[in-house]
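One file, work_28.csv, is given below (CSV, C-alpha atoms and all ligand atoms).
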chain,number,residue,atom,x,y,z
A,187,MET,CA,14.6,-10.6,-2.3
A,188,LYS,CA,13.0,-9.2,0.9
A,189,LYS,CA,11.5,-5.7,1.4
A,190,THR,CA,10.2,-6.1,4.9
A,191,ALA,CA,7.9,-3.4,6.1
A,192,GLU,CA,9.2,-1.1,8.8
A,193,THR,CA,6.7,-1.1,11.6
A,194,GLN,CA,6.3,0.5,15.0
A,195,VAL,CA,5.4,-2.9,16.5
A,196,PRO,CA,5.8,-6.4,15.0
A,197,ILE,CA,3.1,-7.5,12.6
A,198,HIS,CA,2.4,-10.9,10.9
A,199,ASP,CA,5.2,-11.9,8.5
A,200,LEU,CA,2.7,-12.6,5.7
A,201,ILE,CA,1.8,-8.9,5.9
A,202,ALA,CA,5.2,-7.4,6.6
A,203,GLU,CA,6.9,-9.4,3.9
A,204,ARG,CA,4.3,-8.8,1.2
A,205,TRP,CA,5.3,-6.6,-1.7
A,206,SER,CA,4.5,-6.4,-5.4
A,207,PRO,CA,7.3,-7.5,-7.6
A,208,ARG,CA,7.3,-7.2,-11.4
A,209,LEU,CA,9.5,-10.1,-12.3
A,210,TYR,CA,8.3,-13.6,-12.2
A,211,GLU,CA,9.7,-17.0,-13.1
A,212,ALA,CA,8.2,-18.8,-16.1
A,213,ARG,CA,7.6,-21.8,-13.7
A,214,PRO,CA,3.9,-22.6,-13.6
A,215,ILE,CA,1.9,-22.3,-10.4
A,216,GLU,CA,0.8,-25.7,-9.0
A,217,ARG,CA,-3.0,-26.2,-9.4
A,218,GLU,CA,-3.5,-26.8,-5.7
A,219,LYS,CA,-1.8,-23.5,-4.9
A,220,LEU,CA,-3.9,-21.7,-7.5
A,221,LEU,CA,-7.0,-23.2,-6.1
A,222,GLY,CA,-5.9,-22.1,-2.6
A,223,LEU,CA,-5.7,-18.5,-3.8
A,224,LEU,CA,-9.3,-18.7,-5.1
A,225,GLU,CA,-10.6,-20.4,-1.9
A,226,ALA,CA,-9.0,-17.6,0.2
A,227,ALA,CA,-10.8,-15.0,-1.9
A,228,ARG,CA,-14.0,-17.0,-1.7
A,229,TRP,CA,-14.0,-16.9,2.1
A,230,ALA,CA,-13.8,-13.1,2.3
A,231,ALA,CA,-16.5,-11.2,4.1
A,232,SER,CA,-19.0,-9.3,1.9
A,233,SER,CA,-22.0,-7.0,2.3
A,234,ARG,CA,-25.2,-9.1,2.6
A,235,ASN,CA,-22.9,-12.0,1.8
A,236,LEU,CA,-23.4,-11.2,-1.9
A,237,GLN,CA,-19.9,-12.3,-2.8
A,238,PRO,CA,-19.7,-10.0,-5.8
A,239,TRP,CA,-16.2,-11.2,-7.0
A,240,HIS,CA,-15.4,-13.0,-10.2
A,241,PHE,CA,-12.0,-14.1,-11.4
A,242,LEU,CA,-11.2,-14.7,-15.1
A,243,ILE,CA,-8.0,-16.7,-15.2
A,244,ALA,CA,-5.4,-17.4,-17.9
A,245,THR,CA,-2.3,-19.5,-17.4
A,246,SER,CA,0.8,-19.8,-19.5
A,247,ALA,CA,-0.2,-23.5,-20.1
A,248,GLU,CA,-2.6,-22.0,-22.6
A,249,PRO,CA,-0.5,-19.5,-24.5
A,250,ASP,CA,-3.4,-18.1,-26.6
A,251,GLU,CA,-5.6,-17.6,-23.6
A,252,HIS,CA,-2.7,-16.0,-21.7
A,253,ALA,CA,-2.0,-13.7,-24.7
A,254,LYS,CA,-5.7,-12.7,-24.9
A,255,LEU,CA,-5.8,-11.6,-21.3
A,256,ALA,CA,-2.4,-9.9,-21.5
A,257,SER,CA,-3.7,-7.9,-24.5
A,258,CYS,CA,-6.0,-6.1,-22.1
A,259,LEU,CA,-3.0,-4.6,-20.2
A,260,ASN,CA,-1.6,-1.3,-21.0
A,261,GLU,CA,1.8,-1.4,-22.7
A,262,ARG,CA,3.7,-0.5,-19.6
A,263,ASN,CA,2.2,-3.3,-17.6
A,264,ARG,CA,2.2,-5.8,-20.5
A,265,ALA,CA,6.0,-5.4,-20.8
A,266,TRP,CA,6.5,-7.3,-17.5
A,267,ALA,CA,3.2,-8.8,-16.5
A,268,GLY,CA,2.9,-10.6,-19.9
A,269,LYS,CA,5.6,-13.0,-18.6
A,270,ALA,CA,3.8,-13.9,-15.3
A,271,PRO,CA,2.5,-17.5,-15.5
A,272,VAL,CA,-0.9,-16.6,-14.2
A,273,LEU,CA,-3.0,-13.5,-15.1
A,274,ILE,CA,-6.3,-12.8,-13.5
A,275,LEU,CA,-9.0,-10.3,-14.4
A,276,VAL,CA,-11.1,-9.4,-11.3
A,277,VAL,CA,-14.7,-8.4,-12.0
A,278,ALA,CA,-17.3,-7.0,-9.6
A,279,GLY,CA,-21.0,-7.6,-9.8
A,280,VAL,CA,-23.9,-9.9,-8.9
A,281,GLU,CA,-26.4,-11.8,-10.9
A,282,GLY,CA,-29.8,-10.3,-11.2
A,283,GLY,CA,-29.1,-7.0,-12.8
A,284,GLU,CA,-28.1,-5.1,-9.6
A,285,HIS,CA,-25.4,-2.6,-10.6
A,286,VAL,CA,-22.1,-2.5,-8.8
A,287,THR,CA,-22.4,-0.5,-5.6
A,288,SER,CA,-19.7,0.9,-3.3
A,289,ASN,CA,-20.1,-2.0,-1.0
A,290,MET,CA,-19.3,-4.4,-3.9
A,291,TRP,CA,-16.1,-2.5,-4.7
A,292,TYR,CA,-15.1,-2.8,-1.1
A,293,ASP,CA,-16.0,-6.6,-1.0
A,294,VAL,CA,-13.9,-7.3,-4.1
A,295,GLY,CA,-10.9,-5.5,-2.5
A,296,LEU,CA,-11.3,-7.7,0.6
A,297,ALA,CA,-11.4,-10.8,-1.5
A,298,VAL,CA,-8.2,-9.8,-3.4
A,299,GLY,CA,-6.6,-8.9,0.0
A,300,ASN,CA,-7.3,-12.5,1.2
A,301,LEU,CA,-5.9,-13.9,-2.1
A,302,SER,CA,-2.7,-11.8,-1.8
A,303,ILE,CA,-2.0,-13.0,1.7
A,304,GLN,CA,-2.7,-16.6,0.7
A,305,ALA,CA,-0.3,-16.1,-2.2
A,306,MET,CA,2.4,-15.1,0.4
A,307,HIS,CA,1.7,-18.2,2.4
A,308,SER,CA,2.2,-20.3,-0.7
A,309,GLY,CA,5.5,-18.7,-1.5
A,310,LEU,CA,4.0,-16.8,-4.5
A,311,ARG,CA,4.0,-13.1,-5.2
A,312,LEU,CA,1.5,-10.9,-7.1
A,313,ARG,CA,1.1,-7.4,-8.4
A,314,GLN,CA,-2.2,-5.8,-8.9
A,315,MET,CA,-2.8,-3.6,-12.0
A,316,GLY,CA,-5.3,-0.9,-12.6
A,317,GLY,CA,-3.6,-0.1,-15.9
A,318,PHE,CA,-5.7,-2.1,-18.4
A,319,ASP,CA,-8.4,-1.5,-21.0
A,320,ARG,CA,-11.7,-2.2,-19.3
A,321,ALA,CA,-13.7,-1.8,-22.5
A,322,LEU,CA,-11.5,-4.3,-24.3
A,323,ALA,CA,-11.8,-6.8,-21.5
A,324,ARG,CA,-15.5,-6.4,-21.5
A,325,GLU,CA,-15.6,-7.0,-25.2
A,326,LEU,CA,-13.2,-9.9,-25.3
A,327,TYR,CA,-14.9,-11.8,-22.5
A,328,HIS,CA,-18.5,-10.8,-23.1
A,329,ILE,CA,-18.8,-9.3,-19.6
A,330,PRO,CA,-22.4,-8.1,-19.1
A,331,GLU,CA,-23.1,-4.4,-18.6
A,332,SER,CA,-24.0,-4.6,-15.0
A,333,TYR,CA,-20.6,-6.1,-14.1
A,334,GLU,CA,-17.4,-4.0,-13.8
A,335,PRO,CA,-13.8,-5.1,-14.5
A,336,VAL,CA,-11.9,-3.9,-11.4
A,337,VAL,CA,-8.3,-4.9,-11.5
A,338,MET,CA,-5.9,-7.4,-13.1
A,339,LEU,CA,-3.4,-9.5,-11.2
A,340,ALA,CA,0.0,-10.9,-12.3
A,341,ILE,CA,0.9,-13.9,-10.1
A,342,GLY,CA,3.9,-16.2,-10.0
A,343,TYR,CA,7.2,-17.1,-8.2
A,344,GLN,CA,9.4,-14.1,-7.9
A,345,ALA,CA,12.4,-14.2,-10.2
A,346,SER,CA,15.8,-12.6,-9.8
A,347,LEU,CA,16.4,-9.1,-11.0
A,348,LYS,CA,19.1,-10.1,-13.5
A,349,GLY,CA,18.5,-8.7,-17.0
A,350,LEU,CA,15.8,-6.2,-16.0
A,351,PRO,CA,15.8,-2.8,-17.7
A,352,ALA,CA,17.4,-0.2,-15.3
A,353,GLU,CA,14.2,1.7,-14.8
A,354,ILE,CA,12.3,-1.4,-13.5
A,355,ARG,CA,15.3,-2.7,-11.7
A,356,ASN,CA,15.6,0.6,-9.7
A,357,SER,CA,11.9,0.6,-8.7
A,358,GLU,CA,12.2,-3.1,-7.7
A,359,LEU,CA,15.0,-2.3,-5.4
A,360,SER,CA,13.6,0.9,-3.9
A,361,PRO,CA,12.4,0.6,-0.3
A,362,ARG,CA,8.7,0.3,0.4
A,363,MET,CA,7.3,3.6,1.8
A,364,ARG,CA,4.1,4.3,3.8
A,365,LYS,CA,2.6,7.3,5.4
A,366,PRO,CA,3.0,7.4,9.2
A,367,LEU,CA,0.0,6.2,11.2
A,368,SER,CA,-0.5,9.7,12.6
A,369,GLU,CA,-1.6,10.8,9.1
A,370,PHE,CA,-4.6,8.5,9.0
A,371,VAL,CA,-5.4,7.3,12.5
A,372,PHE,CA,-7.4,10.0,14.3
A,373,SER,CA,-9.2,10.5,17.6
A,374,GLY,CA,-11.4,13.4,18.8
A,375,THR,CA,-11.6,15.2,15.6
A,376,TRP,CA,-10.7,14.8,11.9
A,377,GLY,CA,-6.9,15.2,11.4
A,378,GLN,CA,-5.9,14.8,15.1
A,379,ALA,CA,-3.5,12.0,15.5
A,380,SER,CA,-5.0,9.4,17.8
A,381,HIS,CA,-3.8,9.0,21.4
A,382,VAL,CA,-3.6,5.3,20.8
A,383,LEU,CA,-0.5,5.9,18.7
A,384,GLY,CA,1.5,7.2,21.7
A,385,GLU,CA,4.0,10.1,21.7
A,386,PRO,CA,5.5,10.9,18.3
A,387,ALA,CA,9.1,9.9,18.1
A,388,LYS,CA,11.4,12.9,18.9
A,389,ALA,CA,13.7,13.9,16.1
A,390,SER,CA,17.3,13.0,17.0
A,391,GLY,CA,20.2,15.5,17.2
B,401,LIG,C1,-5.8,-1.1,-7.3
B,401,LIG,C2,-4.3,-1.2,-7.7
B,401,LIG,C3,-3.9,-0.8,-8.9
B,401,LIG,C4,-2.5,-0.9,-9.2
B,401,LIG,N1,-2.1,-0.7,-10.5
B,401,LIG,C5,-0.9,-0.9,-10.9
B,401,LIG,C6,-0.5,-0.8,-12.3
B,401,LIG,O1,-1.3,-0.6,-13.2
B,401,LIG,N2,0.8,-1.1,-12.6
B,401,LIG,C7,1.8,-1.4,-11.6
B,401,LIG,O2,2.9,-1.7,-12.0
B,401,LIG,N3,1.4,-1.5,-10.3
B,401,LIG,C8,0.1,-1.2,-9.9
B,401,LIG,N4,-0.2,-1.4,-8.6
B,401,LIG,C9,0.8,-1.8,-7.6
B,401,LIG,C10,1.0,-0.6,-6.6
B,401,LIG,O3,1.8,0.4,-7.3
B,401,LIG,C11,1.8,-1.2,-5.4
B,401,LIG,O4,0.9,-2.1,-4.7
B,401,LIG,C12,2.1,0.0,-4.4
B,401,LIG,O5,3.2,0.8,-5.0
B,401,LIG,C13,2.6,-0.5,-3.1
B,401,LIG,O6,3.7,-1.4,-3.2
B,401,LIG,P1,3.7,-2.8,-2.5
B,401,LIG,O7,2.5,-3.5,-3.0
B,401,LIG,O8,5.0,-3.4,-3.0
B,401,LIG,O9,3.7,-2.6,-1.1
B,401,LIG,C14,-1.6,-1.3,-8.3
B,401,LIG,C15,-2.0,-1.7,-7.0
B,401,LIG,C16,-3.4,-1.6,-6.7
B,401,LIG,C17,-3.8,-2.0,-5.3

What would the structure in this file look like if it were written as structure tokens?
Ligand SMILES: Cc1cc2nc3c(=O)[nH]c(=O)nc-3n(C[C@H](O)[C@H](O)[C@H](O)COP(=O)(O)O)c2cc1C
Amino acid sequence: MKKTAETQVPIHDLIAERWSPRLYEARPIEREKLLGLLEAARWAASSRNLQPWHFLIATSAEPDEHAKLASCLNERNRAWAGKAPVLILVVAGVEGGEHVTSNMWYDVGLAVGNLSIQAMHSGLRLRQMGGFDRALARELYHIPESYEPVVMLAIGYQASLKGLPAEIRNSELSPRMRKPLSEFVFSGTWGQASHVLGEPAKASG
């Protein structure tokens, strides 16, 4: 199922076609593709090249490990993400005791951005999840104090919507929405839509 972004000018298909489904096939992800996602993350830019990203991975090939990572998700997320063949916990931090800084949060986001575009390229889909128990993740995986669990990822091949509960089904089918560029691209002063955007489209009728 496609939910192509509506854009003022064409953008790359990998970006326009990316969206975050909640239904995945049980089919495992090929090792090479999974490695490709991690390589894409690895080659992200980062402040001082500190590369503060870490990825704790569980696949459905190891059901106990998969269940352990899924147990960190809140109930709402676990209901659908527990079926994704690959779960990842993304953790920020660097060795040497330096605590996570705002640059490191930013860097980790860039790495996951790379990973998500590589996933598109490989025919995979993913959904990021902030809804998980960070304290439990820290405890279960012995994550040191100076490192911070950031987000979890559910990754797999997108499955059909058949058999989904109505609530999830409706949200899966709903169109993707974004603010217009004029709300966040400014020139001259804060809040003033940039001239690079051109004239706003006139309302018809
Ligand atoms: C940091 C972050 C946390 C998110 N947390 C959740 C979550 O806990 N549960 C969920 O279903 N979706 C979650 N999402 C997915 C967003 O809701 C989704 O990306 C957003 O609605 C835009 O939709 P799109 O990715 O399909 O364009 C999260 C996304 C990000 C980037």

What gap, in Å, lies between CA of Ile201 in chain A and CA of Leu312 in chain A?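 A separation of 13.2 Å between them.
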
Which of these, A:Gly317, A:Pro361, A:Pro207, A:Gly377, has the shortest distance to Ser346 in chain A once you count all atoms listed in the file? A:Pro207

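CA of Leu223 in chain A lies 24.3 Å from CA of Asp319 in chain A.
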
I'd like to know which of A:Met290, A:Val195, A:Ala212, A:Leu220 is closest to Arg234 in chain A, using all atoms listed in the file.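 Comparing A:Met290, A:Val195, A:Ala212, A:Leu220 against Arg234 in chain A, the winner is A:Met290.
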
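Shortest separation to ligand LIG 401 (chain B) among A:Glu325, A:Glu211, A:Glu358, A:Asp293 occurs at residue A:Glu358, atoms counted being only C-alpha atoms and all ligand atoms.
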
What does the list of residues within 8 Å of ligand LIG 401 (chain B) look like if you count all atoms listed in the file, written as a list in words? Arg204, Trp205, Ser206, Pro207, Arg208, Asn260, Arg262, Asn263, Arg313, Gln314, Met315, Gly316, Gly317, Phe318, Val336, Val337, Arg362 and Met363 of chain A

Counting all atoms listed in the file, which residue out of A:Trp291, A:Thr375, A:Leu359, A:Arg364 sits closest to Lys189 in chain A?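 Residue with the minimum atom-to-atom distance to Lys189 in chain A: A:Leu359.
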
Distance CA of His285 in chain A-CA of Ala226 in chain A, one decimal place?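 Going from CA of His285 in chain A over to CA of Ala226 in chain A, I get 24.7 Å.
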
Residue nearest Ile274 in chain A - candidates A:Ile243, A:Ala352, A:Leu255, A:Met306, atoms counted: only C-alpha atoms: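 Checking each candidate against Ile274 in chain A, we get A:Ile243 as the closest.
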
The residue from A:Tyr292, A:Tyr343, A:Tyr333, A:Tyr327 with the smallest atom-to-atom distance to Gly309 in chain A, counting all atoms listed in the file, is A:Tyr343

As a PDB file, keeping the file's coordinate frame, could you write out range 216-227 of chain A once it has been completed with all heavy atoms?
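What ended up in rebuild.pdb:
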ATOM      1  N   GLU A 216       1.454 -24.401  -9.195  1.00  0.00           N
ATOM      2  CA  GLU A 216       0.800 -25.700  -9.000  1.00  0.00           C
ATOM      3  C   GLU A 216      -0.728 -25.452  -8.854  1.00  0.00           C
ATOM      4  O   GLU A 216      -1.154 -24.487  -8.221  1.00  0.00           O
ATOM      5  CB  GLU A 216       1.298 -26.354  -7.707  1.00  0.00           C
ATOM      6  CG  GLU A 216       2.777 -26.709  -7.722  1.00  0.00           C
ATOM      7  CD  GLU A 216       3.701 -25.535  -7.365  1.00  0.00           C
ATOM      8  OE1 GLU A 216       3.243 -24.377  -7.378  1.00  0.00           O
ATOM      9  OE2 GLU A 216       4.882 -25.789  -7.087  1.00  0.00           O
ATOM     10  N   ARG A 217      -1.504 -26.381  -9.433  1.00  0.00           N
ATOM     11  CA  ARG A 217      -3.000 -26.200  -9.400  1.00  0.00           C
ATOM     12  C   ARG A 217      -3.518 -26.047  -8.015  1.00  0.00           C
ATOM     13  O   ARG A 217      -4.390 -25.224  -7.760  1.00  0.00           O
ATOM     14  CB  ARG A 217      -3.596 -27.439 -10.118  1.00  0.00           C
ATOM     15  CG  ARG A 217      -5.076 -27.329 -10.263  1.00  0.00           C
ATOM     16  CD  ARG A 217      -5.652 -28.397 -11.165  1.00  0.00           C
ATOM     17  NE  ARG A 217      -7.085 -28.470 -10.966  1.00  0.00           N
ATOM     18  CZ  ARG A 217      -7.662 -29.202 -10.025  1.00  0.00           C
ATOM     19  NH1 ARG A 217      -6.929 -29.935  -9.208  1.00  0.00           N
ATOM     20  NH2 ARG A 217      -8.966 -29.214  -9.892  1.00  0.00           N
ATOM     21  N   GLU A 218      -2.980 -26.850  -7.104  1.00  0.00           N
ATOM     22  CA  GLU A 218      -3.500 -26.800  -5.700  1.00  0.00           C
ATOM     23  C   GLU A 218      -3.266 -25.407  -5.108  1.00  0.00           C
ATOM     24  O   GLU A 218      -4.132 -24.873  -4.413  1.00  0.00           O
ATOM     25  CB  GLU A 218      -2.727 -27.850  -4.900  1.00  0.00           C
ATOM     26  CG  GLU A 218      -3.215 -27.944  -3.484  1.00  0.00           C
ATOM     27  CD  GLU A 218      -3.522 -29.392  -3.098  1.00  0.00           C
ATOM     28  OE1 GLU A 218      -3.800 -30.215  -4.001  1.00  0.00           O
ATOM     29  OE2 GLU A 218      -3.468 -29.681  -1.923  1.00  0.00           O
ATOM     30  N   LYS A 219      -2.108 -24.818  -5.401  1.00  0.00           N
ATOM     31  CA  LYS A 219      -1.800 -23.500  -4.900  1.00  0.00           C
ATOM     32  C   LYS A 219      -2.753 -22.437  -5.486  1.00  0.00           C
ATOM     33  O   LYS A 219      -3.240 -21.542  -4.817  1.00  0.00           O
ATOM     34  CB  LYS A 219      -0.367 -23.090  -5.141  1.00  0.00           C
ATOM     35  CG  LYS A 219       0.623 -23.790  -4.247  1.00  0.00           C
ATOM     36  CD  LYS A 219       1.989 -23.142  -4.354  1.00  0.00           C
ATOM     37  CE  LYS A 219       2.969 -23.828  -3.397  1.00  0.00           C
ATOM     38  NZ  LYS A 219       4.306 -23.240  -3.461  1.00  0.00           N
ATOM     39  N   LEU A 220      -2.983 -22.593  -6.782  1.00  0.00           N
ATOM     40  CA  LEU A 220      -3.900 -21.700  -7.500  1.00  0.00           C
ATOM     41  C   LEU A 220      -5.284 -21.758  -6.905  1.00  0.00           C
ATOM     42  O   LEU A 220      -5.940 -20.745  -6.629  1.00  0.00           O
ATOM     43  CB  LEU A 220      -3.857 -21.985  -8.982  1.00  0.00           C
ATOM     44  CG  LEU A 220      -4.440 -20.950  -9.938  1.00  0.00           C
ATOM     45  CD1 LEU A 220      -3.905 -19.556  -9.670  1.00  0.00           C
ATOM     46  CD2 LEU A 220      -4.142 -21.358 -11.368  1.00  0.00           C
ATOM     47  N   LEU A 221      -5.720 -22.989  -6.673  1.00  0.00           N
ATOM     48  CA  LEU A 221      -7.000 -23.200  -6.100  1.00  0.00           C
ATOM     49  C   LEU A 221      -7.089 -22.567  -4.674  1.00  0.00           C
ATOM     50  O   LEU A 221      -8.096 -21.997  -4.263  1.00  0.00           O
ATOM     51  CB  LEU A 221      -7.394 -24.673  -6.002  1.00  0.00           C
ATOM     52  CG  LEU A 221      -7.743 -25.329  -7.333  1.00  0.00           C
ATOM     53  CD1 LEU A 221      -8.003 -26.827  -7.150  1.00  0.00           C
ATOM     54  CD2 LEU A 221      -8.970 -24.669  -7.959  1.00  0.00           C
ATOM     55  N   GLY A 222      -5.962 -22.686  -3.960  1.00  0.00           N
ATOM     56  CA  GLY A 222      -5.900 -22.100  -2.600  1.00  0.00           C
ATOM     57  C   GLY A 222      -6.099 -20.588  -2.642  1.00  0.00           C
ATOM     58  O   GLY A 222      -6.781 -20.022  -1.773  1.00  0.00           O
ATOM     59  N   LEU A 223      -5.552 -19.933  -3.655  1.00  0.00           N
ATOM     60  CA  LEU A 223      -5.700 -18.500  -3.800  1.00  0.00           C
ATOM     61  C   LEU A 223      -7.217 -18.140  -3.938  1.00  0.00           C
ATOM     62  O   LEU A 223      -7.744 -17.197  -3.351  1.00  0.00           O
ATOM     63  CB  LEU A 223      -4.977 -17.929  -4.983  1.00  0.00           C
ATOM     64  CG  LEU A 223      -3.473 -18.171  -5.062  1.00  0.00           C
ATOM     65  CD1 LEU A 223      -2.886 -17.423  -6.248  1.00  0.00           C
ATOM     66  CD2 LEU A 223      -2.785 -17.751  -3.787  1.00  0.00           C
ATOM     67  N   LEU A 224      -7.880 -18.963  -4.773  1.00  0.00           N
ATOM     68  CA  LEU A 224      -9.300 -18.700  -5.100  1.00  0.00           C
ATOM     69  C   LEU A 224     -10.183 -19.018  -3.884  1.00  0.00           C
ATOM     70  O   LEU A 224     -11.159 -18.318  -3.604  1.00  0.00           O
ATOM     71  CB  LEU A 224      -9.693 -19.455  -6.328  1.00  0.00           C
ATOM     72  CG  LEU A 224      -8.828 -19.046  -7.534  1.00  0.00           C
ATOM     73  CD1 LEU A 224      -8.921 -20.045  -8.661  1.00  0.00           C
ATOM     74  CD2 LEU A 224      -9.188 -17.648  -8.008  1.00  0.00           C
ATOM     75  N   GLU A 225      -9.809 -20.066  -3.142  1.00  0.00           N
ATOM     76  CA  GLU A 225     -10.600 -20.400  -1.900  1.00  0.00           C
ATOM     77  C   GLU A 225     -10.411 -19.260  -0.889  1.00  0.00           C
ATOM     78  O   GLU A 225     -11.371 -18.901  -0.212  1.00  0.00           O
ATOM     79  CB  GLU A 225     -10.054 -21.699  -1.306  1.00  0.00           C
ATOM     80  CG  GLU A 225     -10.593 -22.951  -1.958  1.00  0.00           C
ATOM     81  CD  GLU A 225     -12.081 -23.182  -1.670  1.00  0.00           C
ATOM     82  OE1 GLU A 225     -12.714 -22.392  -0.952  1.00  0.00           O
ATOM     83  OE2 GLU A 225     -12.614 -24.166  -2.212  1.00  0.00           O
ATOM     84  N   ALA A 226      -9.201 -18.713  -0.789  1.00  0.00           N
ATOM     85  CA  ALA A 226      -9.000 -17.600   0.200  1.00  0.00           C
ATOM     86  C   ALA A 226      -9.854 -16.433  -0.202  1.00  0.00           C
ATOM     87  O   ALA A 226     -10.469 -15.790   0.668  1.00  0.00           O
ATOM     88  CB  ALA A 226      -7.503 -17.229   0.171  1.00  0.00           C
ATOM     89  N   ALA A 227      -9.957 -16.145  -1.485  1.00  0.00           N
ATOM     90  CA  ALA A 227     -10.800 -15.000  -1.900  1.00  0.00           C
ATOM     91  C   ALA A 227     -12.283 -15.365  -1.633  1.00  0.00           C
ATOM     92  O   ALA A 227     -13.043 -14.514  -1.168  1.00  0.00           O
ATOM     93  CB  ALA A 227     -10.629 -14.825  -3.434  1.00  0.00           C
TER      94      ALA A 227
END
